[in-house]
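protein.tsv follows (TSV, N, CA and C atoms):
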```tsv
chain	number	residue	atom	x	y	z
A	1	MET	N	7.63	3.46	-6.45
A	1	MET	CA	6.55	3.99	-5.67
A	1	MET	C	5.25	3.86	-6.44
A	2	VAL	N	4.20	3.66	-5.71
A	2	VAL	CA	2.88	3.53	-6.28
A	2	VAL	C	2.06	4.70	-5.77
A	3	LYS	N	1.17	5.21	-6.58
A	3	LYS	CA	0.34	6.32	-6.18
A	3	LYS	C	-0.88	5.82	-5.43
A	4	ALA	N	-1.16	6.39	-4.27
A	4	ALA	CA	-2.32	5.98	-3.47
A	4	ALA	C	-3.16	7.20	-3.15
A	5	ALA	N	-4.44	6.97	-2.97
A	5	ALA	CA	-5.36	8.08	-2.71
A	5	ALA	C	-5.02	8.80	-1.42
A	6	ARG	N	-5.04	10.11	-1.49
A	6	ARG	CA	-4.80	10.93	-0.30
A	6	ARG	C	-6.03	11.77	0.02
A	7	GLY	N	-6.84	12.06	-0.94
A	7	GLY	CA	-8.03	12.85	-0.67
A	7	GLY	C	-8.46	13.62	-1.89
A	8	PHE	N	-9.67	14.11	-1.88
A	8	PHE	CA	-10.15	14.89	-3.00
A	8	PHE	C	-9.87	16.35	-2.73
A	9	GLY	N	-9.56	17.08	-3.76
A	9	GLY	CA	-9.31	18.49	-3.56
A	9	GLY	C	-9.29	19.22	-4.88
A	10	GLN	N	-9.25	20.50	-4.79
A	10	GLN	CA	-9.14	21.35	-5.95
A	10	GLN	C	-7.76	21.97	-5.92
A	11	GLY	N	-7.25	22.36	-7.04
A	11	GLY	CA	-5.97	23.06	-7.05
A	11	GLY	C	-4.80	22.14	-7.32
A	12	ARG	N	-3.61	22.62	-7.00
A	12	ARG	CA	-2.38	21.93	-7.36
A	12	ARG	C	-1.93	21.00	-6.24
A	13	ALA	N	-1.25	19.93	-6.65
A	13	ALA	CA	-0.72	18.97	-5.68
A	13	ALA	C	0.57	19.52	-5.07
A	14	SER	N	0.84	19.13	-3.85
A	14	SER	CA	2.08	19.48	-3.17
A	14	SER	C	3.21	18.61	-3.69
A	15	PRO	N	4.48	18.97	-3.44
A	15	PRO	CA	5.59	18.11	-3.85
A	15	PRO	C	5.41	16.70	-3.28
A	16	GLY	N	5.68	15.68	-4.09
A	16	GLY	CA	5.51	14.30	-3.66
A	16	GLY	C	4.09	13.80	-3.83
A	17	GLN	N	3.21	14.66	-4.31
A	17	GLN	CA	1.83	14.27	-4.57
A	17	GLN	C	1.54	14.46	-6.05
A	18	HIS	N	0.50	13.81	-6.52
A	18	HIS	CA	0.13	13.86	-7.92
A	18	HIS	C	-1.36	14.03	-8.02
A	19	GLU	N	-1.82	14.70	-9.06
A	19	GLU	CA	-3.25	14.88	-9.28
A	19	GLU	C	-3.74	13.91	-10.34
A	20	LEU	N	-4.86	13.27	-10.07
A	20	LEU	CA	-5.51	12.39	-11.03
A	20	LEU	C	-6.92	12.89	-11.22
A	21	HIS	N	-7.37	12.95	-12.46
A	21	HIS	CA	-8.74	13.34	-12.73
A	21	HIS	C	-9.61	12.11	-12.69
A	22	GLN	N	-10.68	12.17	-11.94
A	22	GLN	CA	-11.60	11.05	-11.82
A	22	GLN	C	-12.55	11.06	-13.01
A	23	PRO	N	-12.61	9.95	-13.77
A	23	PRO	CA	-13.51	9.93	-14.91
A	23	PRO	C	-14.96	10.07	-14.47
A	24	HIS	N	-15.71	10.87	-15.19
A	24	HIS	CA	-17.14	11.06	-15.00
A	24	HIS	C	-17.50	11.74	-13.68
A	25	GLN	N	-16.55	12.22	-12.91
A	25	GLN	CA	-16.89	12.85	-11.65
A	25	GLN	C	-16.51	14.32	-11.62
A	26	GLY	N	-15.56	14.74	-12.44
A	26	GLY	CA	-15.16	16.12	-12.49
A	26	GLY	C	-14.32	16.56	-11.30
A	27	SER	N	-13.99	15.67	-10.38
A	27	SER	CA	-13.18	16.01	-9.21
A	27	SER	C	-11.72	15.67	-9.49
A	28	VAL	N	-10.85	16.27	-8.70
A	28	VAL	CA	-9.43	15.97	-8.79
A	28	VAL	C	-9.05	15.19	-7.54
A	29	LEU	N	-8.38	14.08	-7.71
A	29	LEU	CA	-7.91	13.26	-6.60
A	29	LEU	C	-6.43	13.52	-6.42
A	30	THR	N	-6.02	13.91	-5.22
A	30	THR	CA	-4.61	14.12	-4.93
A	30	THR	C	-4.07	12.85	-4.30
A	31	VAL	N	-2.94	12.39	-4.80
A	31	VAL	CA	-2.36	11.15	-4.30
A	31	VAL	C	-0.93	11.39	-3.83
A	32	ALA	N	-0.46	10.51	-2.94
A	32	ALA	CA	0.90	10.57	-2.43
A	32	ALA	C	1.61	9.28	-2.80
A	33	ASP	N	2.93	9.33	-2.84
A	33	ASP	CA	3.70	8.13	-3.12
A	33	ASP	C	3.63	7.17	-1.93
A	34	VAL	N	3.36	5.92	-2.22
A	34	VAL	CA	3.31	4.86	-1.21
A	34	VAL	C	4.20	3.74	-1.72
A	35	ARG	N	5.03	3.21	-0.85
A	35	ARG	CA	5.91	2.11	-1.25
A	35	ARG	C	5.15	0.80	-1.16
A	36	VAL	N	5.20	0.03	-2.24
A	36	VAL	CA	4.59	-1.30	-2.27
A	36	VAL	C	5.65	-2.27	-2.74
A	37	THR	N	5.85	-3.35	-1.99
A	37	THR	CA	6.78	-4.40	-2.41
A	37	THR	C	5.97	-5.65	-2.72
A	38	TYR	N	6.53	-6.47	-3.63
A	38	TYR	CA	5.85	-7.71	-4.03
A	38	TYR	C	6.89	-8.77	-4.29
A	39	ASP	N	6.67	-9.94	-3.70
A	39	ASP	CA	7.53	-11.11	-3.93
A	39	ASP	C	6.66	-12.16	-4.61
A	40	LYS	N	6.80	-12.26	-5.92
A	40	LYS	CA	5.96	-13.18	-6.70
A	40	LYS	C	6.23	-14.64	-6.33
A	41	SER	N	7.46	-14.95	-5.92
A	41	SER	CA	7.78	-16.35	-5.60
A	41	SER	C	6.97	-16.87	-4.41
A	42	VAL	N	6.55	-16.00	-3.51
A	42	VAL	CA	5.71	-16.40	-2.38
A	42	VAL	C	4.34	-15.73	-2.44
A	43	ASN	N	4.11	-14.93	-3.49
A	43	ASN	CA	2.83	-14.25	-3.73
A	43	ASN	C	2.42	-13.39	-2.53
A	44	ALA	N	3.37	-12.59	-2.04
A	44	ALA	CA	3.13	-11.73	-0.89
A	44	ALA	C	3.49	-10.29	-1.24
A	45	ALA	N	2.65	-9.36	-0.77
A	45	ALA	CA	2.90	-7.93	-0.99
A	45	ALA	C	2.85	-7.21	0.35
A	46	TYR	N	3.51	-6.05	0.40
A	46	TYR	CA	3.47	-5.21	1.59
A	46	TYR	C	3.29	-3.77	1.14
A	47	VAL	N	2.32	-3.09	1.75
A	47	VAL	CA	2.04	-1.69	1.46
A	47	VAL	C	2.50	-0.89	2.67
A	48	TYR	N	3.45	0.02	2.44
A	48	TYR	CA	4.02	0.84	3.51
A	48	TYR	C	3.32	2.19	3.54
A	49	PHE	N	2.90	2.62	4.73
A	49	PHE	CA	2.29	3.93	4.90
A	49	PHE	C	3.20	4.90	5.65
A	50	THR	N	4.44	4.53	5.82
A	50	THR	CA	5.39	5.38	6.54
A	50	THR	C	6.32	6.07	5.56
A	51	ASP	N	6.98	7.09	6.04
A	51	ASP	CA	8.01	7.77	5.26
A	51	ASP	C	9.09	6.74	4.93
A	52	PRO	N	9.49	6.63	3.67
A	52	PRO	CA	10.49	5.62	3.29
A	52	PRO	C	11.79	5.73	4.08
A	53	GLN	N	12.13	6.92	4.58
A	53	GLN	CA	13.36	7.08	5.34
A	53	GLN	C	13.17	6.82	6.83
A	54	ALA	N	11.93	6.76	7.28
A	54	ALA	CA	11.65	6.50	8.70
A	54	ALA	C	11.80	5.00	8.98
A	55	ARG	N	12.23	4.71	10.16
A	55	ARG	CA	12.39	3.31	10.60
A	55	ARG	C	11.27	2.97	11.58
A	56	ALA	N	10.04	2.92	11.08
A	56	ALA	CA	8.90	2.62	11.94
A	56	ALA	C	8.99	1.17	12.40
A	57	LYS	N	8.71	0.95	13.66
A	57	LYS	CA	8.77	-0.39	14.24
A	57	LYS	C	7.35	-0.88	14.50
A	58	VAL	N	7.08	-2.09	14.06
A	58	VAL	CA	5.78	-2.70	14.29
A	58	VAL	C	5.70	-3.11	15.76
A	59	SER	N	4.69	-2.60	16.46
A	59	SER	CA	4.53	-3.00	17.85
A	59	SER	C	3.31	-3.90	18.03
A	60	ARG	N	2.40	-3.88	17.05
A	60	ARG	CA	1.23	-4.74	17.12
A	60	ARG	C	0.78	-5.11	15.72
A	61	MET	N	0.48	-6.37	15.54
A	61	MET	CA	-0.01	-6.86	14.25
A	61	MET	C	-1.42	-7.39	14.48
A	62	TYR	N	-2.35	-6.96	13.64
A	62	TYR	CA	-3.73	-7.42	13.73
A	62	TYR	C	-4.03	-8.26	12.49
A	63	PRO	N	-4.20	-9.58	12.66
A	63	PRO	CA	-4.54	-10.41	11.50
A	63	PRO	C	-6.04	-10.32	11.21
A	64	CYS	N	-6.37	-10.03	9.96
A	64	CYS	CA	-7.77	-10.04	9.55
A	64	CYS	C	-8.23	-11.48	9.47
A	65	ASP	N	-9.48	-11.73	9.73
A	65	ASP	CA	-10.03	-13.07	9.70
A	65	ASP	C	-9.89	-13.66	8.30
A	66	PRO	N	-9.05	-14.71	8.14
A	66	PRO	CA	-8.82	-15.25	6.80
A	66	PRO	C	-10.08	-15.81	6.13
A	67	VAL	N	-11.05	-16.23	6.91
A	67	VAL	CA	-12.28	-16.76	6.34
A	67	VAL	C	-13.10	-15.62	5.74
A	68	GLN	N	-13.19	-14.50	6.46
A	68	GLN	CA	-14.02	-13.39	5.99
A	68	GLN	C	-13.39	-12.64	4.82
A	69	VAL	N	-12.06	-12.60	4.73
A	69	VAL	CA	-11.42	-11.88	3.62
A	69	VAL	C	-10.90	-12.83	2.55
A	70	GLY	N	-11.06	-14.12	2.76
A	70	GLY	CA	-10.65	-15.10	1.76
A	70	GLY	C	-9.14	-15.18	1.59
A	71	GLY	N	-8.41	-14.95	2.64
A	71	GLY	CA	-6.95	-15.01	2.59
A	71	GLY	C	-6.37	-14.37	3.84
A	72	MET	N	-5.06	-14.22	3.87
A	72	MET	CA	-4.43	-13.67	5.04
A	72	MET	C	-3.97	-12.24	4.77
A	73	ILE	N	-4.50	-11.31	5.54
A	73	ILE	CA	-4.11	-9.91	5.46
A	73	ILE	C	-3.80	-9.46	6.88
A	74	ASN	N	-2.61	-8.90	7.08
A	74	ASN	CA	-2.18	-8.46	8.40
A	74	ASN	C	-2.00	-6.95	8.41
A	75	LEU	N	-2.57	-6.29	9.42
A	75	LEU	CA	-2.42	-4.86	9.60
A	75	LEU	C	-1.34	-4.63	10.66
A	76	ASP	N	-0.34	-3.83	10.35
A	76	ASP	CA	0.75	-3.53	11.28
A	76	ASP	C	0.60	-2.12	11.83
A	77	PHE	N	0.71	-2.00	13.16
A	77	PHE	CA	0.58	-0.72	13.85
A	77	PHE	C	1.85	-0.40	14.62
A	78	ASP	N	2.15	0.91	14.75
A	78	ASP	CA	3.31	1.32	15.55
A	78	ASP	C	2.88	1.46	17.01
A	79	GLU	N	3.80	1.89	17.86
A	79	GLU	CA	3.51	1.98	19.30
A	79	GLU	C	2.48	3.05	19.63
A	80	ASP	N	2.24	3.99	18.71
A	80	ASP	CA	1.22	5.02	18.91
A	80	ASP	C	-0.15	4.62	18.34
A	81	GLY	N	-0.25	3.39	17.83
A	81	GLY	CA	-1.50	2.91	17.28
A	81	GLY	C	-1.78	3.34	15.85
A	82	ARG	N	-0.77	3.90	15.17
A	82	ARG	CA	-0.95	4.30	13.77
A	82	ARG	C	-0.70	3.11	12.85
A	83	LEU	N	-1.53	2.99	11.83
A	83	LEU	CA	-1.34	1.95	10.81
A	83	LEU	C	-0.11	2.30	9.99
A	84	ILE	N	0.88	1.40	9.98
A	84	ILE	CA	2.12	1.69	9.25
A	84	ILE	C	2.30	0.80	8.03
A	85	GLY	N	1.51	-0.27	7.93
A	85	GLY	CA	1.64	-1.12	6.75
A	85	GLY	C	0.62	-2.24	6.74
A	86	ILE	N	0.47	-2.82	5.56
A	86	ILE	CA	-0.44	-3.94	5.36
A	86	ILE	C	0.31	-5.04	4.61
A	87	GLU	N	0.32	-6.24	5.19
A	87	GLU	CA	0.89	-7.41	4.53
A	87	GLU	C	-0.26	-8.19	3.90
A	88	VAL	N	-0.10	-8.54	2.62
A	88	VAL	CA	-1.15	-9.25	1.91
A	88	VAL	C	-0.56	-10.54	1.35
A	89	LEU	N	-1.02	-11.68	1.89
A	89	LEU	CA	-0.61	-12.97	1.37
A	89	LEU	C	-1.64	-13.40	0.33
A	90	ALA	N	-1.24	-14.21	-0.63
A	90	ALA	CA	-2.07	-14.52	-1.80
A	90	ALA	C	-2.42	-13.21	-2.50
A	91	ALA	N	-1.41	-12.36	-2.63
A	91	ALA	CA	-1.59	-10.99	-3.12
A	91	ALA	C	-2.19	-10.92	-4.52
A	92	SER	N	-1.86	-11.86	-5.38
A	92	SER	CA	-2.37	-11.79	-6.76
A	92	SER	C	-3.88	-11.98	-6.82
A	93	SER	N	-4.48	-12.56	-5.78
A	93	SER	CA	-5.94	-12.70	-5.77
A	93	SER	C	-6.62	-11.61	-4.96
A	94	LYS	N	-5.85	-10.77	-4.28
A	94	LYS	CA	-6.42	-9.73	-3.41
A	94	LYS	C	-6.16	-8.32	-3.91
A	95	LEU	N	-5.09	-8.10	-4.65
A	95	LEU	CA	-4.72	-6.76	-5.09
A	95	LEU	C	-4.82	-6.66	-6.61
A	96	PRO	N	-5.12	-5.47	-7.12
A	96	PRO	CA	-5.21	-5.32	-8.58
A	96	PRO	C	-3.85	-5.54	-9.24
A	97	SER	N	-3.88	-6.12	-10.42
A	97	SER	CA	-2.64	-6.45	-11.11
A	97	SER	C	-1.80	-5.21	-11.41
A	98	HIS	N	-2.43	-4.06	-11.71
A	98	HIS	CA	-1.64	-2.85	-11.99
A	98	HIS	C	-0.84	-2.41	-10.76
A	99	LEU	N	-1.35	-2.67	-9.56
A	99	LEU	CA	-0.60	-2.34	-8.34
A	99	LEU	C	0.60	-3.27	-8.18
A	100	LEU	N	0.40	-4.56	-8.40
A	100	LEU	CA	1.51	-5.52	-8.29
A	100	LEU	C	2.54	-5.30	-9.39
A	101	ASP	N	2.09	-4.95	-10.59
A	101	ASP	CA	3.03	-4.68	-11.69
A	101	ASP	C	3.91	-3.47	-11.39
A	102	ALA	N	3.37	-2.48	-10.68
A	102	ALA	CA	4.11	-1.27	-10.35
A	102	ALA	C	4.94	-1.40	-9.07
A	103	ALA	N	4.72	-2.47	-8.32
A	103	ALA	CA	5.39	-2.65	-7.02
A	103	ALA	C	6.88	-2.92	-7.20
A	104	GLU	N	7.63	-2.59	-6.17
A	104	GLU	CA	9.06	-2.93	-6.09
A	104	GLU	C	9.14	-4.45	-5.93
A	105	ARG	N	9.87	-5.10	-6.83
A	105	ARG	CA	9.96	-6.56	-6.79
A	105	ARG	C	11.05	-7.03	-5.85
A	106	LEU	N	10.73	-7.99	-4.98
A	106	LEU	CA	11.68	-8.56	-4.05
A	106	LEU	C	12.25	-9.88	-4.57
A	107	ASP	N	11.63	-10.42	-5.60
A	107	ASP	CA	12.11	-11.66	-6.21
A	107	ASP	C	12.81	-11.29	-7.52
A	108	THR	N	13.31	-12.27	-8.21
A	108	THR	CA	13.91	-12.01	-9.52
A	108	THR	C	12.90	-12.36	-10.59
A	109	GLU	N	12.91	-11.61	-11.68
A	109	GLU	CA	11.92	-11.76	-12.74
A	109	GLU	C	11.89	-13.15	-13.37
A	110	GLY	N	12.92	-13.85	-13.47
A	110	GLY	CA	12.92	-15.14	-14.16
A	110	GLY	C	12.53	-16.30	-13.29
A	111	SER	N	12.16	-16.07	-12.05
A	111	SER	CA	11.87	-17.17	-11.11
A	111	SER	C	10.56	-17.81	-11.38
```
Structure encoded using structure tokens:
Amino acid sequence: MVKAARGFGQGRASPGQHELHQPHQGSVLTVADVRVTYDKSVNAAYVYFTDPQARAKVSRMYPCDPVQVGGMINLDFDEDGRLIGIEVLAASSKLPSHLLDAAERLDTEGS
């Protein structure tokens, strides 16, 4: 699991959340676990915004303009219009390396 921003707040984080101190800002950022997968062999990543135990079904995919974002990024929505995940192709040029390093690997390390 990778930690993703959930919002700024004061006080203690709830179970499944973590507090990060923002440098030079004095605020506390509360984050939640987000599943990120990465397949280095095809350089593709997926960021899941759903409960890992839920079986959310993609009912609509919105492709971002590859020219404007310099690659292919697809937004997946469920039947209620909620964003449930983001597919990022050419992930190593679009996502920070620390996120890809922490991601669940779908390929094998020696490939």
request  = Could you give me, as a VMD selection string, the residues within 9 Å of A:Arg60, counting only C-alpha atoms and dropping anything in the same chain fewer than 4 positions from it?
outcome  = chain A and resid 75 to 79 81
Restricting the calculation to all atoms listed in the file: of A:Ala54, A:Cys64, A:Tyr46, A:Ser41, which residue gets closest to A:Glu87?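 Of all the options, A:Tyr46 lies closest to A:Glu87.
One distance worth recording is that between atom CA of A:Ala103 and atom CA of A:Ile84, which is 17.2 Å.
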